[in-house]
Amino acid sequence: MPTTRSERAVAPPAADTQLALEQEYVTDLYARLDAARDLAARRLRQAITSPAVSPQDLQERDATVRFQSERVTALDAAEAGLVVGRIDRVTDGALYVGRIGLAADDARTDPALVDWRAPAARPFYTATPMHPLGVVRRRHIRTRGRTVVRLDDEVIDALTAADADGLQITGEAALLAALGASRTGRMTDIVRTIQAEQDRIIRADAGGVLVVQGGPGTGKTAVALHRAAYLLYTHRERLARRGLLVVGPTPTFLRYIADVLPSLGETGVLLSGLGQLRPGVDARAEEAPEAAALKGRLEMAEVLERAVAARQVVPDAPVTVLVDGTPVRLRPVDVARVRTSARKAARLHNPGRPEFARRLVDLLAKRYADALGAGIDGGRDLFGRDDVAALRREVGGEPEVRALVQRLWPRLTAERFLREFLADPAAIAEATPGWSAADRARLHRPDGAWTVADVPLLEEADELLGSDDSAERGRAGRDHRRRLAEAQATLDLLHGSRSTDLEDGEDGEVLSAGDLLTAERLADRQRELDLRTTAERAAADRTWTFGHVVVDEAQELSPMAWRLLARRCPTRSMTVVGDVAQTGTLAGADRWAEVLDPHAAGLWRLEELTVNYRTPAEIMAVAADVLAAGGTGLTPPRSVREGGEPPEAETTGEEHLVGRVVERVVDWTAHEGTLAVVVPPSRAAAVADALSAKLAGITSGPEADSARGPVVLTPTEAKGLEFDSVLVVDPQGVLDEGVRGRNDLYVALTRATQRLAVLAPGALPAELSRLA
Ligand SMILES: Nc1ncnc2c1ncn2[C@@H]1O[C@H](COP(=O)(O)OP(=O)(O)OP(=O)(O)O)[C@@H](O)[C@H]1O
C-alpha cells in the first residue's frame with residue numbers, strides 16, 4: 001500500500017496502542033448501534049400491535065410503523081463500516097465520523113458518532129494543509145466486521161502544504177486502497193473517501209439545476225448518489241413527502257448502482273430507466289438512431305398537438321344516421337360548428353369529448369324531431385320540452401350515434417393515440433408540414449412496440465389529451481355505495497345478534513355497535529389505508545411531481561426527455577450529471593446550455609469534476625488521444641493512479657478475431673474481478689455466442705450482469721459501467737457503427753479499472769496509434 005506525503009500508517013509500537021484505543025471506541029459505538037436498533041425494533045413491534053380505532057389513530061400508527069421500519073433499515077445498513085474515521089481539531093478535540101449519527105451519553109457534548117452528512121463532518125472530507133479548517137489530523141479507520149484493522153493518519157499541517165499544486169487528494173492511502181480493489185459488478189458507496197471537489201458538489205444547495213460535467217471515472221455517478229443521500233438527510237421531511245427520483249440510462253446501469261443508496265441507509269428513492277418512467281410501460285424496443293433523434297426534437301410537441309386536433313374529425317361529406325329507423329342527416333358544416341364550440345369549452349381532447357357529444361346529440365335530436373314532426377304534420381312545435389328531452393335520450397342511446405361520436409371525437413388514451421398515429425403514414429404527413437418524406441418514413445412504426453424515445457411522446461400526449469375522469473368518478477361513487485351497503489349489513493347483523501343474546505329487560509341498557517358507529521363511519525374505516533411508500537406511490541402515478549430529480553448520463557437525453565423531466569420536477573431542484581464527450585445518441589447534447597436553457601434558463605449552474613478515479617493513467621492516455629482527435633477542445637480528466645498493466649493492442653485478421661477474443665477472455669478469467677468485452681453492435685451476437693460456447697455465465701445486452709461472469713456489451717450498453725478488465729474488439733467498427741463513433745470508442749476505452757486490451761481485425765485506427 002503506498003503511503004505518501006503527509007500521510008502514514010500509524011507506526012509501531014505506537015500502532016498497537018492506537019489500534020487498541022480505537023478498538024475500544026469502536027466497540028462502544030457498535031454497542032450504541034445495537035441499543036438504537038433494539039429500541040427501534042421494539043417501537044416498531046409496539047406500533048404494529050397497538051390497537052387503533054379512529055382513522056386518525058390508524059394514520060398515526062401507519063406513520064410510526066413507517067418511521068420505525070425505516071430507522072431499523074438505516075441502522076442495519078450502518079453495520080458494515082459504521083465508523084469512517086475521525087478528525088482531531090485544534091479547539092474541539094476529536095470527532096468521529098460514520099455512516100450514521102449516534103448520541104453520546106451526555107447530550108450536551110458532541111455526538112459519539114456524527115453522520116457523514118452533518119455539517120460538523122465536513123472538514124473530514126475537505127480539510128487540507130492549505131485550508132485546515134481547524135483540523136490538525138485526519139485519521140481513516142478501517143474495520144473488518146467490528147474489528148479495527150488499520151489506521152491511516154494524515155497530518156493537516158501548513159508545513160506539508162508545499163505540494164499543493166499537485167492533485168488535491170485527501171486520505172490518499174484509503175482512497176488508493178478503495179480504487180485498487182477488484183470490482184464486484186455492483187457499485188459501492190464512497191463515504192470513507194469522498195474527495196473535496198466531490199464533497200462540494202454533494203453538499204451544494206438543493207435549489208435549481210446543478211449540472212455536474214466530468215470526464216469518465218470522475219465519480220459523477222458516485223457523487224450524484226451521495227448527493228441524493230445528503231439531500232434526503234438535510235431535507236428529510238420535504239423529500240419524504242415528494243420523493244426523490246434517480247433516472248439512469250439502461251436497466252443494466254440501474255442494476256449496477258442499485259445497492260449504493262440502500263447501503264447508505266436510504267431505501268425510499270425511486271430508481272428508473274427513462275424507458276420505465278411511465279407507469280405500465282416498459283419501453284425496450286430498438287429503433288434507428290435517426291428515428292429516436294426525430295422523436296426527441298422539441299417540435300414533436302407541436303406535431304402531436306396537430307395529430308390530436310386531427311382526431312377531432314369533420315367528415316368530408318354529409319353523414320346520415322338511423323335513429324329508431326328514421327334517417328337523420330348531418331352536414332360537414334354542422335359538425336364543424338359543434339367541434340368549434342366543444343374546442344372552446346375544453347382545451348384538452350378528452351374533457352372536450354362530453355361537450356362535443358352533448359352538442360352533437362342536441363343537434364341530432366332537433367333534426368330527428370324535425371324529421372318526425374315533418375312526418376306527422378310538418379311542424380316540430382308539436383313537441384314539448386319533456387318530449388325533446390326524451391328524444392335526446394333516445395338519440396343519445398342509439399348505437400349508431402354513439403359510434404358516430406366515437407368516430408368524430410374518439411375517447412383516446414395516450415397509448416392508443418400514439419400507436420395509431422405512428423402506424424398511420426397519412427396522419428404523420430398531416431401533422432408534419434414541411435418535413436421531408438424520408439423523415440416522415442422514419443417516424444412511421446407499424447408494430448406498436450414502445451421505444452425509449454416514445455416515452456416522452458406518451459407523456460406529451462397525456463398532456464394534450466387530458467383525462468375524462470367521469471368513468472373513474474363513477475367507479476369511486478359505486479365503490480363508496482358498495483362499502484356503505486356492506487357496512488350497513490354488518491351493523492344490521494350486529495344489531496340482530498344483540499336482540500337474540502339479550503336477557504329480558506336489558507334492552508334499553510346495552511349499546512349496540514349501531515349506536516356507536518354509523519354505517520358511514522364504518523365504511524370510511526374500511527377504506528384501505530394507503531400503506532405504500534412514497535417511492536411506490538410515485539412509481540404508480542404518472543402525474544407525480546418529485547421533490548428532487550437526479551439524472552445520470554444526462555448527456556444522452558433528448559430535448560423531449562428533458563421536457564418530461566421538467567414536468568416531473570416543477571421546482572427544478574435537480575442534479576444532472578454527465579459528460580458531453582461521451583454522448584452516443586443523435587438526440588443527445590453537445591453543450592449543456594442547448595438542452596437546459598429551454599426548461600431552466602437562469603436556473604442552472606455548472607460544476608466540474610476533473611480527477612479520474614477509475615482508469616489508470618496509462619489507459620487514460622490512450623483514451624485521451626481519442627478525445628483529442630474529436631477536436632472538441634474538452635480536456636480529459638487526470639488519473640489519480642498510475643501503474644498496473646500497460647494497455648496493449650493486437651491485430652488478428654478477420655478470420656481469427658472471434659477466436660482470439662475467446663482465448664483472451666479465457667486467459668483473463670484467471671484474474672480476480674469483473675470482465676467486459678466491448679464490441680460494435682454488429683459483432684455482439686457472434687462474440688456472445690462464441691464465448692458462451694466456451695465459458696459459463698456469459699451475459700450480454702440488457703441482461704448483462706458482470707456480477708455473474710464476463711459480459712459482452714456495445715459501447716451504449718457499457719456507458720456508466722466499469723470492469724477490472726476490458727477487451728475492446730474492432731475499434732474501427734466502433735468508430736464506424738456509432739452515430740458518434742469517436743465518443744463511443746472513448747466510452748469503451750475508459751471502462752477499465754485495471755487492464756485494457758484492444759483486438760483489431762485490421763489496421764488500428766489512427767486514434768489508437770499509441771498502441772501500435
Ligand atoms: N472519492 C472516491 N473514493 C473512492 N472511489 C471513488 C471516489 N470517487 C469515485 N470513485 C470510484 O471511481 C469509479 C468511477 O466513478 P463513477 O462511475 O461515479 O464515475 P463517472 O464519472 O460516473 O464515470 P462515467 O462518466 O464513466 O460514467 C467508481 O468505482 C467509484 O466508486
# chains A, B, ... in the order shown; residues from 1 in each chain; ligands from 1

call {"tool": "residues_around", "arguments": {"residues": "Leu458 in chain A", "least_positions_apart": "4", "cutoff": "9 Å", "atoms": "only C-alpha atoms", "output": "PyMOL selection string"}}
result
chain A and resi 278+414-415+417-418+454+462-463

call {"tool": "write_last_selection", "arguments": {"atoms": "N, CA and C atoms", "output": "PDB file, in the first residue's frame"}}
result
ATOM      1  N   ARG A 278     -42.766   5.723 -17.304  1.00  0.00           N
ATOM      2  CA  ARG A 278     -44.222   5.837 -17.388  1.00  0.00           C
ATOM      3  C   ARG A 278     -44.860   4.582 -16.808  1.00  0.00           C
ATOM      4  N   ALA A 414     -53.329   7.857 -24.177  1.00  0.00           N
ATOM      5  CA  ALA A 414     -52.083   8.256 -24.835  1.00  0.00           C
ATOM      6  C   ALA A 414     -51.531   7.092 -25.650  1.00  0.00           C
ATOM      7  N   GLU A 415     -51.602   5.883 -25.085  1.00  0.00           N
ATOM      8  CA  GLU A 415     -51.045   4.721 -25.769  1.00  0.00           C
ATOM      9  C   GLU A 415     -51.767   4.479 -27.095  1.00  0.00           C
ATOM     10  N   PHE A 417     -53.601   6.572 -28.848  1.00  0.00           N
ATOM     11  CA  PHE A 417     -53.391   7.692 -29.765  1.00  0.00           C
ATOM     12  C   PHE A 417     -52.041   7.567 -30.462  1.00  0.00           C
ATOM     13  N   LEU A 418     -50.962   7.354 -29.667  1.00  0.00           N
ATOM     14  CA  LEU A 418     -49.628   7.364 -30.266  1.00  0.00           C
ATOM     15  C   LEU A 418     -49.419   6.143 -31.168  1.00  0.00           C
ATOM     16  N   ASP A 454     -40.244   6.880 -27.256  1.00  0.00           N
ATOM     17  CA  ASP A 454     -41.700   7.041 -27.243  1.00  0.00           C
ATOM     18  C   ASP A 454     -42.217   7.547 -25.905  1.00  0.00           C
ATOM     19  N   ASP A 462     -50.454  12.632 -23.161  1.00  0.00           N
ATOM     20  CA  ASP A 462     -51.328  12.754 -21.988  1.00  0.00           C
ATOM     21  C   ASP A 462     -51.667  14.207 -21.701  1.00  0.00           C
ATOM     22  N   GLU A 463     -50.658  15.045 -21.823  1.00  0.00           N
ATOM     23  CA  GLU A 463     -50.883  16.465 -21.548  1.00  0.00           C
ATOM     24  C   GLU A 463     -51.884  17.057 -22.531  1.00  0.00           C
TER      25      GLU A 463
END

call {"tool": "closest_atom_pairs", "arguments": {"of": "chain A", "to": "ligand 1", "cutoff": "7 Å", "atoms": "only C-alpha atoms and all ligand atoms", "output": "tab-separated table"}}
result
residue	atom	partner	partner_atom_place_in_ligand_line	distance
A:Leu175	CA	ligand 1	3 (N)	5.4
A:Ala178	CA	ligand 1	4 (C)	5.5
A:Leu179	CA	ligand 1	5 (N)	5.5
A:Met187	CA	ligand 1	31 (O)	6.2
A:Thr188	CA	ligand 1	31 (O)	6.0
A:Asp189	CA	ligand 1	31 (O)	6.5
A:Ile190	CA	ligand 1	3 (N)	4.8
A:Thr193	CA	ligand 1	3 (N)	4.4
A:Ile194	CA	ligand 1	1 (N)	3.7
A:Gln195	CA	ligand 1	1 (N)	4.8
A:Gly214	CA	ligand 1	21 (O)	6.0
A:Gly215	CA	ligand 1	25 (O)	5.6
A:Pro216	CA	ligand 1	25 (O)	3.6
A:Gly217	CA	ligand 1	19 (O)	3.6
A:Thr218	CA	ligand 1	21 (O)	3.9
A:Gly219	CA	ligand 1	18 (O)	3.1
A:Lys220	CA	ligand 1	21 (O)	3.7
A:Thr221	CA	ligand 1	18 (O)	3.6
A:Ala222	CA	ligand 1	18 (O)	3.9
A:Val223	CA	ligand 1	18 (O)	6.4
A:Glu553	CA	ligand 1	27 (O)	6.8
A:Gly578	CA	ligand 1	25 (O)	6.4
A:Asp579	CA	ligand 1	25 (O)	6.2
A:Tyr613	CA	ligand 1	12 (O)	4.4
A:Arg614	CA	ligand 1	13 (C)	4.5
A:Lys719	CA	ligand 1	27 (O)	6.1
A:Gly720	CA	ligand 1	27 (O)	3.3
A:Leu721	CA	ligand 1	27 (O)	6.2
A:Glu722	CA	ligand 1	17 (O)	6.9
A:Val747	CA	ligand 1	26 (O)	6.9
A:Thr750	CA	ligand 1	26 (O)	6.6
A:Arg751	CA	ligand 1	26 (O)	6.5

call {"tool": "residues_around", "arguments": {"residues": "range 135-140 of chain A", "least_positions_apart": "4", "cutoff": "7 Å", "atoms": "only C-alpha atoms", "output": "count of residues only"}}
result
17

call {"tool": "residues_around", "arguments": {"residues": "Arg664 in chain A", "least_positions_apart": "5", "cutoff": "9 Å", "atoms": "only C-alpha atoms", "output": "list in words"}}
result
Gly659, Thr669 and Leu727 of chain A

call {"tool": "residues_around", "arguments": {"residues": "range 649-651 of chain A", "least_positions_apart": "3", "cutoff": "12 Å", "atoms": "only C-alpha atoms", "output": "number ranges by chain"}}
result
A: 619, 622, 646, 654-658, 660-661, 664, 726-732, 749, 755-765, 768-772

call {"tool": "residues_around", "arguments": {"residues": "range 324-334 of chain A", "least_positions_apart": "6", "cutoff": "9 Å", "atoms": "only C-alpha atoms", "output": "compact mmCIF listing (two decimals) with N, CA and C atoms, in the first residue's frame"}}
result
# COMPACT_ATOMS: atom_id res chain seq x y z
N VAL A 314 -64.00 16.35 -38.92
CA VAL A 314 -65.19 16.84 -39.63
C VAL A 314 -65.27 16.02 -40.91
N PRO A 315 -66.37 15.30 -41.11
CA PRO A 315 -66.42 14.43 -42.29
C PRO A 315 -66.42 15.25 -43.58
N ASP A 316 -65.96 14.63 -44.66
CA ASP A 316 -65.90 15.34 -45.95
C ASP A 316 -67.27 15.53 -46.56
N ALA A 317 -68.16 14.59 -46.29
CA ALA A 317 -69.48 14.61 -46.93
C ALA A 317 -70.55 14.44 -45.86
N PRO A 318 -71.78 14.77 -46.16
CA PRO A 318 -72.85 14.60 -45.16
C PRO A 318 -72.93 13.15 -44.67
N LEU A 360 -73.63 17.45 -30.19
CA LEU A 360 -73.97 16.70 -31.39
C LEU A 360 -75.33 16.01 -31.22
N LEU A 363 -78.14 18.47 -31.52
CA LEU A 363 -78.41 18.79 -32.91
C LEU A 363 -79.18 17.66 -33.60
N LEU A 364 -78.70 16.43 -33.33
CA LEU A 364 -79.38 15.29 -33.96
C LEU A 364 -80.82 15.17 -33.45
N ALA A 365 -81.01 15.46 -32.16
CA ALA A 365 -82.36 15.35 -31.59
C ALA A 365 -83.30 16.35 -32.27
N ARG A 367 -82.90 17.58 -35.25
CA ARG A 367 -83.15 17.12 -36.62
C ARG A 367 -84.13 15.94 -36.63
N TYR A 368 -83.98 15.11 -35.63
CA TYR A 368 -84.85 13.93 -35.51
C TYR A 368 -86.29 14.40 -35.28
N ALA A 371 -87.61 15.67 -38.32
CA ALA A 371 -87.97 14.57 -39.23
C ALA A 371 -89.29 13.94 -38.81
N LEU A 372 -89.42 13.72 -37.48
CA LEU A 372 -90.67 13.11 -37.01
C LEU A 372 -91.84 14.05 -37.22
N GLU A 394 -83.22 9.29 -26.36
CA GLU A 394 -83.34 8.23 -27.37
C GLU A 394 -82.19 8.31 -28.38
N VAL A 395 -81.95 9.55 -28.83
CA VAL A 395 -80.89 9.74 -29.83
C VAL A 395 -79.54 9.37 -29.22
N GLU A 398 -78.75 5.70 -29.04
CA GLU A 398 -78.73 4.96 -30.32
C GLU A 398 -77.30 4.50 -30.65
